[in-house]
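A.B. asks: My file is start32.cif. It has mmCIF, C-alpha atoms:
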```cif
data_data
loop_
_atom_site.group_PDB
_atom_site.id
_atom_site.type_symbol
_atom_site.label_atom_id
_atom_site.label_comp_id
_atom_site.auth_asym_id
_atom_site.auth_seq_id
_atom_site.Cartn_x
_atom_site.Cartn_y
_atom_site.Cartn_z
ATOM 1 C CA MET B 231 0.000 0.000 0.000
ATOM 2 C CA GLU B 232 1.380 3.425 -1.034
ATOM 3 C CA SER B 233 1.194 6.035 1.742
ATOM 4 C CA ASP B 234 2.536 8.925 -0.335
ATOM 5 C CA LEU B 235 -0.331 10.598 -2.224
ATOM 6 C CA LEU B 236 1.859 12.022 -4.978
ATOM 7 C CA ARG B 237 3.393 8.639 -5.791
ATOM 8 C CA ALA B 238 0.033 6.878 -5.468
ATOM 9 C CA MET B 239 -1.628 9.201 -8.000
ATOM 10 C CA ALA B 240 1.248 9.246 -10.504
ATOM 11 C CA GLY B 241 -0.052 8.376 -13.974
ATOM 12 C CA ALA B 242 -3.643 7.875 -12.803
ATOM 13 C CA GLU B 243 -6.298 8.611 -15.436
ATOM 14 C CA TYR B 244 -9.235 8.032 -13.091
ATOM 15 C CA ILE B 245 -9.404 8.324 -9.303
ATOM 16 C CA GLN B 246 -12.288 6.939 -7.207
ATOM 17 C CA GLU B 247 -12.486 8.748 -3.864
ATOM 18 C CA CYS B 248 -14.063 6.714 -1.053
ATOM 19 C CA GLY B 249 -13.594 9.057 1.890
ATOM 20 C CA PRO B 250 -15.994 9.919 4.719
ATOM 21 C CA GLU B 251 -19.575 10.919 3.937
ATOM 22 C CA ASN B 252 -18.790 14.456 5.054
ATOM 23 C CA CYS B 253 -18.708 17.498 2.810
ATOM 24 C CA GLU B 254 -15.870 19.327 4.556
ATOM 25 C CA ALA B 255 -13.724 16.199 4.634
ATOM 26 C CA LYS B 256 -14.293 15.717 0.916
ATOM 27 C CA ARG B 257 -13.374 19.346 0.191
ATOM 28 C CA ARG B 258 -10.028 18.763 1.906
ATOM 29 C CA ILE B 259 -9.501 15.472 0.063
ATOM 30 C CA TYR B 260 -10.220 17.059 -3.315
ATOM 31 C CA THR B 261 -7.875 19.941 -2.573
ATOM 32 C CA ASP B 262 -5.144 17.379 -1.911
ATOM 33 C CA LEU B 263 -6.041 15.336 -4.999
ATOM 34 C CA GLU B 264 -5.990 18.347 -7.300
ATOM 35 C CA ALA B 265 -2.489 19.189 -6.084
ATOM 36 C CA VAL B 266 -1.086 15.824 -7.211
ATOM 37 C CA ALA B 267 -3.294 14.591 -10.069
ATOM 38 C CA SER B 268 -2.797 15.611 -13.675
ATOM 39 C CA GLU B 269 -5.282 18.130 -15.072
ATOM 40 C CA ASP B 270 -7.066 15.582 -17.260
ATOM 41 C CA THR B 271 -7.497 12.958 -14.523
ATOM 42 C CA VAL B 272 -11.146 12.316 -13.657
ATOM 43 C CA LEU B 273 -11.824 12.703 -9.935
ATOM 44 C CA ALA B 274 -14.913 10.684 -8.983
ATOM 45 C CA SER B 275 -16.551 10.296 -5.595
ATOM 46 C CA SER B 276 -18.329 7.293 -4.099
ATOM 47 C CA THR B 277 -20.572 9.531 -1.978
ATOM 48 C CA SER B 278 -24.062 8.153 -1.408
ATOM 49 C CA GLY B 279 -25.852 11.477 -1.541
ATOM 50 C CA ILE B 280 -23.705 14.636 -1.559
ATOM 51 C CA ALA B 281 -23.821 16.611 -4.811
ATOM 52 C CA ALA B 282 -20.384 16.978 -6.398
ATOM 53 C CA SER B 283 -20.605 20.777 -6.613
ATOM 54 C CA GLN B 284 -20.683 20.961 -2.808
ATOM 55 C CA PHE B 285 -17.126 19.677 -2.462
ATOM 56 C CA THR B 286 -15.514 20.662 -5.780
ATOM 57 C CA ASP B 287 -16.607 24.268 -6.417
ATOM 58 C CA HIS B 288 -13.406 25.630 -4.830
ATOM 59 C CA LEU B 289 -11.067 23.776 -7.204
ATOM 60 C CA ARG B 290 -9.153 25.185 -10.146
ATOM 61 C CA HIS B 291 -10.435 22.370 -12.376
ATOM 62 C CA PRO B 292 -13.891 21.297 -11.197
ATOM 63 C CA GLU B 293 -14.747 20.303 -14.753
ATOM 64 C CA ARG B 294 -13.130 16.870 -14.279
ATOM 65 C CA CYS B 295 -15.005 16.115 -11.022
ATOM 66 C CA LEU B 296 -18.213 14.113 -10.578
ATOM 67 C CA VAL B 297 -19.895 11.440 -8.504
ATOM 68 C CA ALA B 298 -19.721 7.762 -9.465
ATOM 69 C CA HIS B 299 -21.832 6.178 -6.740
ATOM 70 C CA PRO B 300 -21.673 2.364 -6.507
ATOM 71 C CA VAL B 301 -24.250 0.253 -4.687
ATOM 72 C CA ASN B 302 -23.560 -1.974 -1.676
ATOM 73 C CA PRO B 303 -22.124 -4.564 -2.051
ATOM 74 C CA PRO B 304 -20.350 -2.950 -5.022
ATOM 75 C CA TYR B 305 -18.461 -6.103 -5.991
ATOM 76 C CA LEU B 306 -21.787 -7.803 -6.763
ATOM 77 C CA ILE B 307 -24.337 -5.110 -7.692
ATOM 78 C CA PRO B 308 -23.393 -3.502 -11.013
ATOM 79 C CA LEU B 309 -25.322 -0.217 -10.849
ATOM 80 C CA VAL B 310 -23.232 2.962 -10.708
ATOM 81 C CA GLU B 311 -24.867 6.404 -10.557
ATOM 82 C CA VAL B 312 -22.804 8.898 -12.550
ATOM 83 C CA ALA B 313 -23.804 12.331 -11.260
ATOM 84 C CA PRO B 314 -21.934 15.319 -12.721
ATOM 85 C CA ALA B 315 -21.936 18.823 -11.283
ATOM 86 C CA PRO B 316 -22.958 21.790 -13.458
ATOM 87 C CA ALA B 317 -19.252 22.461 -14.017
ATOM 88 C CA THR B 318 -18.412 18.898 -15.047
ATOM 89 C CA SER B 319 -17.308 18.526 -18.645
ATOM 90 C CA GLU B 320 -19.061 16.224 -21.073
ATOM 91 C CA ALA B 321 -15.711 14.557 -21.719
ATOM 92 C CA ALA B 322 -15.336 13.604 -18.040
ATOM 93 C CA VAL B 323 -18.866 12.191 -17.985
ATOM 94 C CA ASN B 324 -18.340 10.186 -21.163
ATOM 95 C CA ARG B 325 -15.001 8.805 -19.964
ATOM 96 C CA THR B 326 -16.554 7.688 -16.693
ATOM 97 C CA MET B 327 -19.555 6.067 -18.364
ATOM 98 C CA ARG B 328 -17.266 4.184 -20.774
ATOM 99 C CA LEU B 329 -14.975 3.067 -17.970
ATOM 100 C CA MET B 330 -17.881 1.695 -15.954
ATOM 101 C CA GLU B 331 -19.228 -0.164 -18.964
ATOM 102 C CA GLN B 332 -15.771 -1.629 -19.667
ATOM 103 C CA ALA B 333 -15.651 -2.802 -16.044
ATOM 104 C CA GLN B 334 -18.995 -4.593 -16.665
ATOM 105 C CA GLN B 335 -20.887 -2.179 -14.438
ATOM 106 C CA ALA B 336 -24.303 -0.725 -15.326
ATOM 107 C CA PRO B 337 -23.916 3.072 -15.189
ATOM 108 C CA ILE B 338 -26.831 5.493 -15.242
ATOM 109 C CA LEU B 339 -26.599 9.237 -15.792
ATOM 110 C CA VAL B 340 -28.116 11.542 -13.179
ATOM 111 C CA ARG B 341 -29.041 14.451 -15.439
ATOM 112 C CA LYS B 342 -29.273 17.131 -12.731
ATOM 113 C CA GLU B 343 -27.796 17.399 -9.267
ATOM 114 C CA VAL B 344 -30.145 16.178 -6.555
ATOM 115 C CA GLN B 345 -29.425 15.107 -2.987
ATOM 116 C CA GLY B 346 -29.347 11.318 -2.684
ATOM 117 C CA PHE B 347 -29.209 10.868 -6.486
ATOM 118 C CA ILE B 348 -31.684 8.302 -7.860
ATOM 119 C CA LEU B 349 -31.275 5.003 -6.038
ATOM 120 C CA ASN B 350 -31.234 6.398 -2.504
ATOM 121 C CA ARG B 351 -34.186 8.687 -3.195
ATOM 122 C CA LEU B 352 -36.192 5.664 -4.373
ATOM 123 C CA GLN B 353 -34.925 3.508 -1.513
ATOM 124 C CA GLY B 354 -35.599 6.315 0.954
ATOM 125 C CA ALA B 355 -39.206 6.704 -0.186
ATOM 126 C CA LEU B 356 -39.828 2.993 0.382
ATOM 127 C CA LEU B 357 -37.980 2.971 3.717
ATOM 128 C CA ASN B 358 -39.838 6.031 5.004
ATOM 129 C CA GLU B 359 -43.194 4.443 4.224
ATOM 130 C CA ALA B 360 -42.054 1.067 5.595
ATOM 131 C CA LEU B 361 -40.985 2.644 8.890
ATOM 132 C CA ARG B 362 -44.290 4.525 9.225
ATOM 133 C CA LEU B 363 -46.329 1.388 8.552
ATOM 134 C CA PHE B 364 -44.263 -0.511 11.119
ATOM 135 C CA ARG B 365 -44.269 2.307 13.681
ATOM 136 C CA ASP B 366 -48.013 2.861 13.435
ATOM 137 C CA GLY B 367 -48.793 -0.806 13.980
ATOM 138 C CA TYR B 368 -50.023 -1.817 10.536
ATOM 139 C CA VAL B 369 -47.470 -4.562 9.944
ATOM 140 C CA SER B 370 -44.650 -6.469 11.632
ATOM 141 C CA ALA B 371 -41.069 -6.086 10.466
ATOM 142 C CA GLU B 372 -41.080 -9.653 9.158
ATOM 143 C CA ASP B 373 -44.288 -9.217 7.162
ATOM 144 C CA LEU B 374 -43.077 -5.917 5.734
ATOM 145 C CA ASP B 375 -39.955 -7.669 4.444
ATOM 146 C CA LYS B 376 -42.105 -10.499 3.062
ATOM 147 C CA THR B 377 -44.163 -7.951 1.131
ATOM 148 C CA VAL B 378 -41.090 -6.761 -0.734
ATOM 149 C CA LYS B 379 -39.327 -10.135 -0.950
ATOM 150 C CA HIS B 380 -42.332 -12.101 -2.213
ATOM 151 C CA GLY B 381 -44.117 -9.242 -3.965
ATOM 152 C CA LEU B 382 -42.450 -6.131 -5.290
ATOM 153 C CA GLY B 383 -38.943 -7.560 -5.255
ATOM 154 C CA LEU B 384 -39.715 -10.456 -7.583
ATOM 155 C CA ARG B 385 -40.702 -8.112 -10.392
ATOM 156 C CA TRP B 386 -38.077 -5.512 -9.548
ATOM 157 C CA SER B 387 -35.279 -8.071 -9.842
ATOM 158 C CA PHE B 388 -35.645 -7.976 -13.630
ATOM 159 C CA MET B 389 -37.676 -4.856 -14.483
ATOM 160 C CA GLY B 390 -38.154 -1.416 -13.016
ATOM 161 C CA PRO B 391 -41.278 0.305 -11.647
ATOM 162 C CA PHE B 392 -42.122 2.090 -14.898
ATOM 163 C CA GLU B 393 -42.009 -1.100 -16.951
ATOM 164 C CA THR B 394 -43.967 -2.818 -14.162
ATOM 165 C CA ILE B 395 -46.912 -0.436 -14.424
ATOM 166 C CA ASP B 396 -46.662 -0.384 -18.234
ATOM 167 C CA LEU B 397 -47.266 -4.143 -18.207
ATOM 168 C CA ASN B 398 -49.893 -4.108 -15.443
ATOM 169 C CA ALA B 399 -52.680 -2.530 -17.504
ATOM 170 C CA PRO B 400 -53.984 -3.690 -20.886
ATOM 171 C CA SER B 401 -53.059 -0.460 -22.704
ATOM 172 C CA GLY B 402 -49.935 0.557 -20.810
ATOM 173 C CA VAL B 403 -48.891 3.468 -18.622
ATOM 174 C CA VAL B 404 -51.761 5.871 -19.323
ATOM 175 C CA ASP B 405 -54.315 3.126 -18.794
ATOM 176 C CA TYR B 406 -52.623 2.194 -15.501
ATOM 177 C CA GLY B 407 -52.648 5.810 -14.378
ATOM 178 C CA GLN B 408 -56.345 6.144 -15.074
ATOM 179 C CA ARG B 409 -57.109 2.958 -13.146
ATOM 180 C CA TYR B 410 -54.809 3.368 -10.132
ATOM 181 C CA GLY B 411 -53.644 6.980 -10.117
ATOM 182 C CA PRO B 412 -56.478 8.112 -7.801
ATOM 183 C CA LEU B 413 -55.538 5.412 -5.259
ATOM 184 C CA TYR B 414 -51.884 6.470 -5.204
ATOM 185 C CA ARG B 415 -52.787 10.155 -4.970
ATOM 186 C CA ASP B 416 -55.078 9.451 -1.995
ATOM 187 C CA VAL B 417 -52.384 7.400 -0.247
ATOM 188 C CA ASP B 418 -49.814 10.114 -0.864
ATOM 189 C CA ARG B 419 -52.062 12.738 0.730
ATOM 190 C CA GLN B 420 -52.302 10.591 3.872
ATOM 191 C CA ARG B 421 -48.568 10.793 4.471
ATOM 192 C CA ASN B 422 -47.414 13.468 6.867
ATOM 193 C CA ASP B 423 -44.023 15.102 7.126
ATOM 194 C CA ASP B 424 -42.996 13.595 10.455
ATOM 195 C CA ASP B 425 -39.619 11.893 10.769
ATOM 196 C CA PRO B 426 -39.993 8.095 10.750
ATOM 197 C CA TRP B 427 -36.317 7.669 11.694
ATOM 198 C CA ASP B 428 -36.845 8.502 15.366
ATOM 199 C CA ALA B 429 -34.951 6.562 18.035
ATOM 200 C CA ALA B 430 -38.027 4.784 19.419
ATOM 201 C CA THR B 431 -39.030 3.402 16.009
ATOM 202 C CA LEU B 432 -35.511 2.214 15.258
ATOM 203 C CA ALA B 433 -35.227 0.588 18.695
ATOM 204 C CA ALA B 434 -38.501 -1.282 18.170
ATOM 205 C CA LEU B 435 -37.408 -2.386 14.713
ATOM 206 C CA ASP B 436 -34.025 -3.480 16.037
ATOM 207 C CA LYS B 437 -35.738 -5.542 18.747
ATOM 208 C CA GLU B 438 -37.755 -7.462 16.154
ATOM 209 C CA ARG B 439 -34.771 -7.921 13.878
ATOM 210 C CA ARG B 440 -32.477 -9.129 16.673
ATOM 211 C CA GLU B 441 -35.098 -11.673 17.726
ATOM 212 C CA ARG B 442 -34.858 -13.146 14.233
ATOM 213 C CA LEU B 443 -31.142 -12.534 13.723
ATOM 214 C CA PRO B 444 -28.832 -11.993 16.709
ATOM 215 C CA THR B 445 -26.018 -9.504 16.203
ATOM 216 C CA ASP B 446 -23.392 -12.253 16.093
ATOM 217 C CA GLY B 447 -25.206 -13.765 13.102
ATOM 218 C CA LEU B 448 -25.019 -10.672 10.891
ATOM 219 C CA ALA B 449 -21.749 -11.601 9.181
ATOM 220 C CA ASP B 450 -22.994 -15.076 8.215
ATOM 221 C CA ARG B 451 -26.249 -13.601 6.906
ATOM 222 C CA GLN B 452 -24.314 -11.026 4.867
ATOM 223 C CA ALA B 453 -22.330 -13.867 3.293
ATOM 224 C CA TRP B 454 -25.638 -15.630 2.548
ATOM 225 C CA ARG B 455 -26.903 -12.412 0.925
ATOM 226 C CA ASP B 456 -23.850 -12.264 -1.298
ATOM 227 C CA ARG B 457 -24.246 -15.878 -2.397
ATOM 228 C CA ARG B 458 -27.887 -15.246 -3.281
ATOM 229 C CA LEU B 459 -26.930 -12.161 -5.275
ATOM 230 C CA MET B 460 -24.327 -14.192 -7.169
ATOM 231 C CA ALA B 461 -26.914 -16.830 -8.014
ATOM 232 C CA LEU B 462 -29.430 -14.198 -9.125
ATOM 233 C CA MET B 463 -26.867 -12.462 -11.345
ATOM 234 C CA ALA B 464 -25.888 -15.769 -12.928
ATOM 235 C CA HIS B 465 -29.553 -16.505 -13.602
ATOM 236 C CA GLN B 466 -30.128 -13.058 -15.115
ATOM 237 C CA ARG B 467 -27.150 -13.415 -17.465
ATOM 238 C CA ASN B 468 -28.533 -16.716 -18.748
ATOM 239 C CA VAL B 469 -32.195 -15.802 -19.272
ATOM 240 C CA SER B 470 -32.711 -12.046 -19.291
ATOM 241 C CA PRO B 471 -32.283 -9.502 -22.091
ATOM 242 C CA SER B 472 -30.093 -6.500 -21.239
#
```
Mind turning this structure into structure tokens?
C.D. replies:
Amino acid sequence: MESDLLRAMAGAEYIQECGPENCEAKRRIYTDLEAVASEDTVLASSTSGIAASQFTDHLRHPERCLVAHPVNPPYLIPLVEVAPAPATSEAAVNRTMRLMEQAQQAPILVRKEVQGFILNRLQGALLNEALRLFRDGYVSAEDLDKTVKHGLGLRWSFMGPFETIDLNAPSGVVDYGQRYGPLYRDVDRQRNDDDPWDAATLAALDKERRERLPTDGLADRQAWRDRRLMALMAHQRNVSPS
């Protein structure tokens, strides 16, 4: 392992920063990287939700900076969110997208800066609703997970939500919206703006989860998760179109 930043970055065409999820820390890291990296080196961040402009706007060359957010576990899940800042050059974006494709990843382009990018905004919407349903006594933690695992997740493992609704009505998306749009609008109006991530809700959820999976079993269950992901990916490569 190279401890000297200048020697470590020598000749690098692309740098993936995986520092703390903290804007000020990233600003310091990018100041250091700019001092040692060549001007045409792409500087990409693994941040899960901080817009690139927040930690690169002080640089001399922010045009080569962007976010390339992988998904956990990144060695198994191929999605990478490529999220440029307004100052990012098209060349830097294109180079990053090509590199991810060459590495057999599945990059998507986040067209405008937004906190949390795409995946975590979608995941957050589901988690917020899941926590409220659990907190308010509508469902147990186990049954909530079953709903996704044996319901939504089966379809979502090979097609996204827009294709799902397109196929769930005889005439496609507009037909689906006419049939079910009023239901979803009514449900959305019932949501309030309270914070479902309060300590009491998390403690109650943790209690249910630890009853099913003690803390000392987490590592084995993570390894099980990874094996299942490997099997799913192998299956998708054999039977699914890209």
A.B. asks: I'd like the residues picked by the PyMOL selection byres ((chain B and resi 365-377) around 9) written out as a PyMOL selection string, using the chain letters and numbers from the file.
C.D. replies: chain B and resi 360-364+378-383+426+430-432+434-435+438-439+442
A.B. asks: Report, in Å to a single decimal, how far apart atom CA of Cys295 of chain B and atom CA of Ala274 of chain B are.
C.D. replies: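 Pair atom CA of Ala274 of chain B / atom CA of Cys295 of chain B returns 5.8 Å.
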A.B. asks: What is the distance, in Å and to one decimal place, between atom CA of Glu251 of chain B and atom CA of Thr277 of chain B?
C.D. replies: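 Pair atom CA of Glu251 of chain B / atom CA of Thr277 of chain B returns 6.2 Å.
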A.B. asks: Let me know the residues the PyMOL selection byres ((chain B and resi 452-468) around 8) catches in the file above, as a VMD selection string.
C.D. replies: chain B and resid 303 306 to 307 388 448 to 451 469 to 471
A.B. asks: Just want the 12 Å neighbourhood of Ser276 of chain B, counted on all atoms listed in the file, with same-chain residues fewer than 2 positions away dropped. Output as a ChimeraX atom specification.
C.D. replies: /B:245-252,256,273-274,278-282,295-302,304,310-313,346-347
A.B. asks: Rounded to one decimal in Å, what is the spacing between atom CA of Glu264 of chain B and atom CA of His288 of chain B?
C.D. replies: 10.7 Å
A.B. asks: Apply the PyMOL selection byres ((chain B and resi 315) around 6) to the displayed file and report the matching residues as a PyMOL selection string.
C.D. replies: chain B and resi 282-283+314+316-318
A.B. asks: Now that the selection is made, can you save its residues with C-alpha atoms as a compact mmCIF listing (two decimals), keeping the file's coordinate frame?
C.D. replies:
```
# COMPACT_ATOMS: atom_id res chain seq x y z
CA ALA B 282 -20.38 16.98 -6.40
CA SER B 283 -20.60 20.78 -6.61
CA PRO B 314 -21.93 15.32 -12.72
CA PRO B 316 -22.96 21.79 -13.46
CA ALA B 317 -19.25 22.46 -14.02
CA THR B 318 -18.41 18.90 -15.05
```
A.B. asks: Rank B:Pro292, B:Leu309, B:Arg237, B:Ala433 by their smallest atom-to-atom distance to Val266 of chain B, using all atoms listed in the file, and report the top residue only.
C.D. replies: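 Among the listed residues, the smallest separation from Val266 of chain B belongs to B:Arg237.
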A.B. asks: Looking at B:Arg341, B:Arg419, B:Arg325, B:Arg351, which one is nearest to Glu243 of chain B, with distances taken over all atoms listed in the file?
C.D. replies: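 Answer, going by the shortest atom-to-atom distance: B:Arg325.
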A.B. asks: Which is closer to Val272 of chain B than all the others in B:Asp234, B:Glu320, B:Glu441, B:Glu254, using only C-alpha atoms?
C.D. replies: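 Among the listed residues, the smallest separation from Val272 of chain B belongs to B:Glu320.
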A.B. asks: Taking all atoms listed in the file into account, name the residue in B:Arg294, B:Tyr244, B:Arg258, B:Met231 that is nearest to Arg328 of chain B.
C.D. replies: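 Going through B:Arg294, B:Tyr244, B:Arg258, B:Met231 one by one, the smallest distance to Arg328 of chain B is for B:Tyr244.
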A.B. asks: How would segment 280-306 of chain B look with N, CA and C atoms restored, written as a PDB file, keeping the file's coordinate frame?
C.D. replies:
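File result_28.pdb, as written:
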```pdb
ATOM      1  N   ILE B 280     -24.143  13.246  -1.534  1.00  0.00           N
ATOM      2  CA  ILE B 280     -23.705  14.636  -1.559  1.00  0.00           C
ATOM      3  C   ILE B 280     -23.421  15.047  -3.002  1.00  0.00           C
ATOM      4  N   ALA B 281     -24.034  16.125  -3.446  1.00  0.00           N
ATOM      5  CA  ALA B 281     -23.821  16.611  -4.811  1.00  0.00           C
ATOM      6  C   ALA B 281     -22.366  17.041  -4.992  1.00  0.00           C
ATOM      7  N   ALA B 282     -21.805  16.723  -6.156  1.00  0.00           N
ATOM      8  CA  ALA B 282     -20.384  16.978  -6.398  1.00  0.00           C
ATOM      9  C   ALA B 282     -20.016  18.451  -6.272  1.00  0.00           C
ATOM     10  N   SER B 283     -20.921  19.344  -6.662  1.00  0.00           N
ATOM     11  CA  SER B 283     -20.605  20.777  -6.613  1.00  0.00           C
ATOM     12  C   SER B 283     -20.332  21.249  -5.190  1.00  0.00           C
ATOM     13  N   GLN B 284     -20.851  20.536  -4.192  1.00  0.00           N
ATOM     14  CA  GLN B 284     -20.683  20.961  -2.808  1.00  0.00           C
ATOM     15  C   GLN B 284     -19.261  20.772  -2.306  1.00  0.00           C
ATOM     16  N   PHE B 285     -18.494  19.880  -2.940  1.00  0.00           N
ATOM     17  CA  PHE B 285     -17.126  19.677  -2.462  1.00  0.00           C
ATOM     18  C   PHE B 285     -16.065  19.883  -3.550  1.00  0.00           C
ATOM     19  N   THR B 286     -16.488  20.414  -4.704  1.00  0.00           N
ATOM     20  CA  THR B 286     -15.514  20.662  -5.780  1.00  0.00           C
ATOM     21  C   THR B 286     -15.538  22.088  -6.316  1.00  0.00           C
ATOM     22  N   ASP B 287     -16.466  22.935  -5.834  1.00  0.00           N
ATOM     23  CA  ASP B 287     -16.607  24.268  -6.417  1.00  0.00           C
ATOM     24  C   ASP B 287     -15.438  25.195  -6.099  1.00  0.00           C
ATOM     25  N   HIS B 288     -14.563  24.807  -5.184  1.00  0.00           N
ATOM     26  CA  HIS B 288     -13.406  25.630  -4.830  1.00  0.00           C
ATOM     27  C   HIS B 288     -12.171  25.271  -5.636  1.00  0.00           C
ATOM     28  N   LEU B 289     -12.244  24.260  -6.487  1.00  0.00           N
ATOM     29  CA  LEU B 289     -11.067  23.776  -7.204  1.00  0.00           C
ATOM     30  C   LEU B 289     -10.756  24.616  -8.438  1.00  0.00           C
ATOM     31  N   ARG B 290      -9.546  24.506  -8.898  1.00  0.00           N
ATOM     32  CA  ARG B 290      -9.153  25.185 -10.146  1.00  0.00           C
ATOM     33  C   ARG B 290      -9.754  24.474 -11.352  1.00  0.00           C
ATOM     34  N   HIS B 291      -9.926  23.156 -11.243  1.00  0.00           N
ATOM     35  CA  HIS B 291     -10.435  22.370 -12.376  1.00  0.00           C
ATOM     36  C   HIS B 291     -11.606  21.486 -11.936  1.00  0.00           C
ATOM     37  N   PRO B 292     -12.725  22.102 -11.588  1.00  0.00           N
ATOM     38  CA  PRO B 292     -13.891  21.297 -11.197  1.00  0.00           C
ATOM     39  C   PRO B 292     -14.526  20.562 -12.372  1.00  0.00           C
ATOM     40  N   GLU B 293     -14.113  20.905 -13.578  1.00  0.00           N
ATOM     41  CA  GLU B 293     -14.747  20.303 -14.753  1.00  0.00           C
ATOM     42  C   GLU B 293     -14.440  18.818 -14.882  1.00  0.00           C
ATOM     43  N   ARG B 294     -13.438  18.306 -14.176  1.00  0.00           N
ATOM     44  CA  ARG B 294     -13.130  16.870 -14.279  1.00  0.00           C
ATOM     45  C   ARG B 294     -13.645  16.099 -13.066  1.00  0.00           C
ATOM     46  N   CYS B 295     -14.498  16.733 -12.254  1.00  0.00           N
ATOM     47  CA  CYS B 295     -15.005  16.115 -11.022  1.00  0.00           C
ATOM     48  C   CYS B 295     -16.476  15.715 -11.160  1.00  0.00           C
ATOM     49  N   LEU B 296     -16.826  14.595 -10.568  1.00  0.00           N
ATOM     50  CA  LEU B 296     -18.213  14.113 -10.578  1.00  0.00           C
ATOM     51  C   LEU B 296     -18.389  13.056  -9.501  1.00  0.00           C
ATOM     52  N   VAL B 297     -19.597  12.568  -9.385  1.00  0.00           N
ATOM     53  CA  VAL B 297     -19.895  11.440  -8.504  1.00  0.00           C
ATOM     54  C   VAL B 297     -20.051  10.185  -9.356  1.00  0.00           C
ATOM     55  N   ALA B 298     -19.474   9.084  -8.883  1.00  0.00           N
ATOM     56  CA  ALA B 298     -19.721   7.762  -9.465  1.00  0.00           C
ATOM     57  C   ALA B 298     -20.077   6.855  -8.292  1.00  0.00           C
ATOM     58  N   HIS B 299     -21.366   6.835  -7.970  1.00  0.00           N
ATOM     59  CA  HIS B 299     -21.832   6.178  -6.740  1.00  0.00           C
ATOM     60  C   HIS B 299     -22.146   4.710  -6.992  1.00  0.00           C
ATOM     61  N   PRO B 300     -21.356   3.792  -6.406  1.00  0.00           N
ATOM     62  CA  PRO B 300     -21.673   2.364  -6.507  1.00  0.00           C
ATOM     63  C   PRO B 300     -22.718   1.974  -5.475  1.00  0.00           C
ATOM     64  N   VAL B 301     -23.195   0.744  -5.575  1.00  0.00           N
ATOM     65  CA  VAL B 301     -24.250   0.253  -4.687  1.00  0.00           C
ATOM     66  C   VAL B 301     -23.700  -0.911  -3.855  1.00  0.00           C
ATOM     67  N   ASN B 302     -24.072  -0.955  -2.590  1.00  0.00           N
ATOM     68  CA  ASN B 302     -23.560  -1.974  -1.676  1.00  0.00           C
ATOM     69  C   ASN B 302     -24.302  -3.311  -1.842  1.00  0.00           C
ATOM     70  N   PRO B 303     -23.586  -4.450  -1.965  1.00  0.00           N
ATOM     71  CA  PRO B 303     -22.124  -4.564  -2.051  1.00  0.00           C
ATOM     72  C   PRO B 303     -21.647  -4.310  -3.485  1.00  0.00           C
ATOM     73  N   PRO B 304     -20.718  -3.383  -3.669  1.00  0.00           N
ATOM     74  CA  PRO B 304     -20.350  -2.950  -5.022  1.00  0.00           C
ATOM     75  C   PRO B 304     -19.670  -4.017  -5.862  1.00  0.00           C
ATOM     76  N   TYR B 305     -19.114  -5.041  -5.222  1.00  0.00           N
ATOM     77  CA  TYR B 305     -18.461  -6.103  -5.991  1.00  0.00           C
ATOM     78  C   TYR B 305     -19.470  -7.081  -6.579  1.00  0.00           C
ATOM     79  N   LEU B 306     -20.760  -6.912  -6.229  1.00  0.00           N
ATOM     80  CA  LEU B 306     -21.787  -7.803  -6.763  1.00  0.00           C
ATOM     81  C   LEU B 306     -22.902  -7.065  -7.499  1.00  0.00           C
TER      82      LEU B 306
END
```
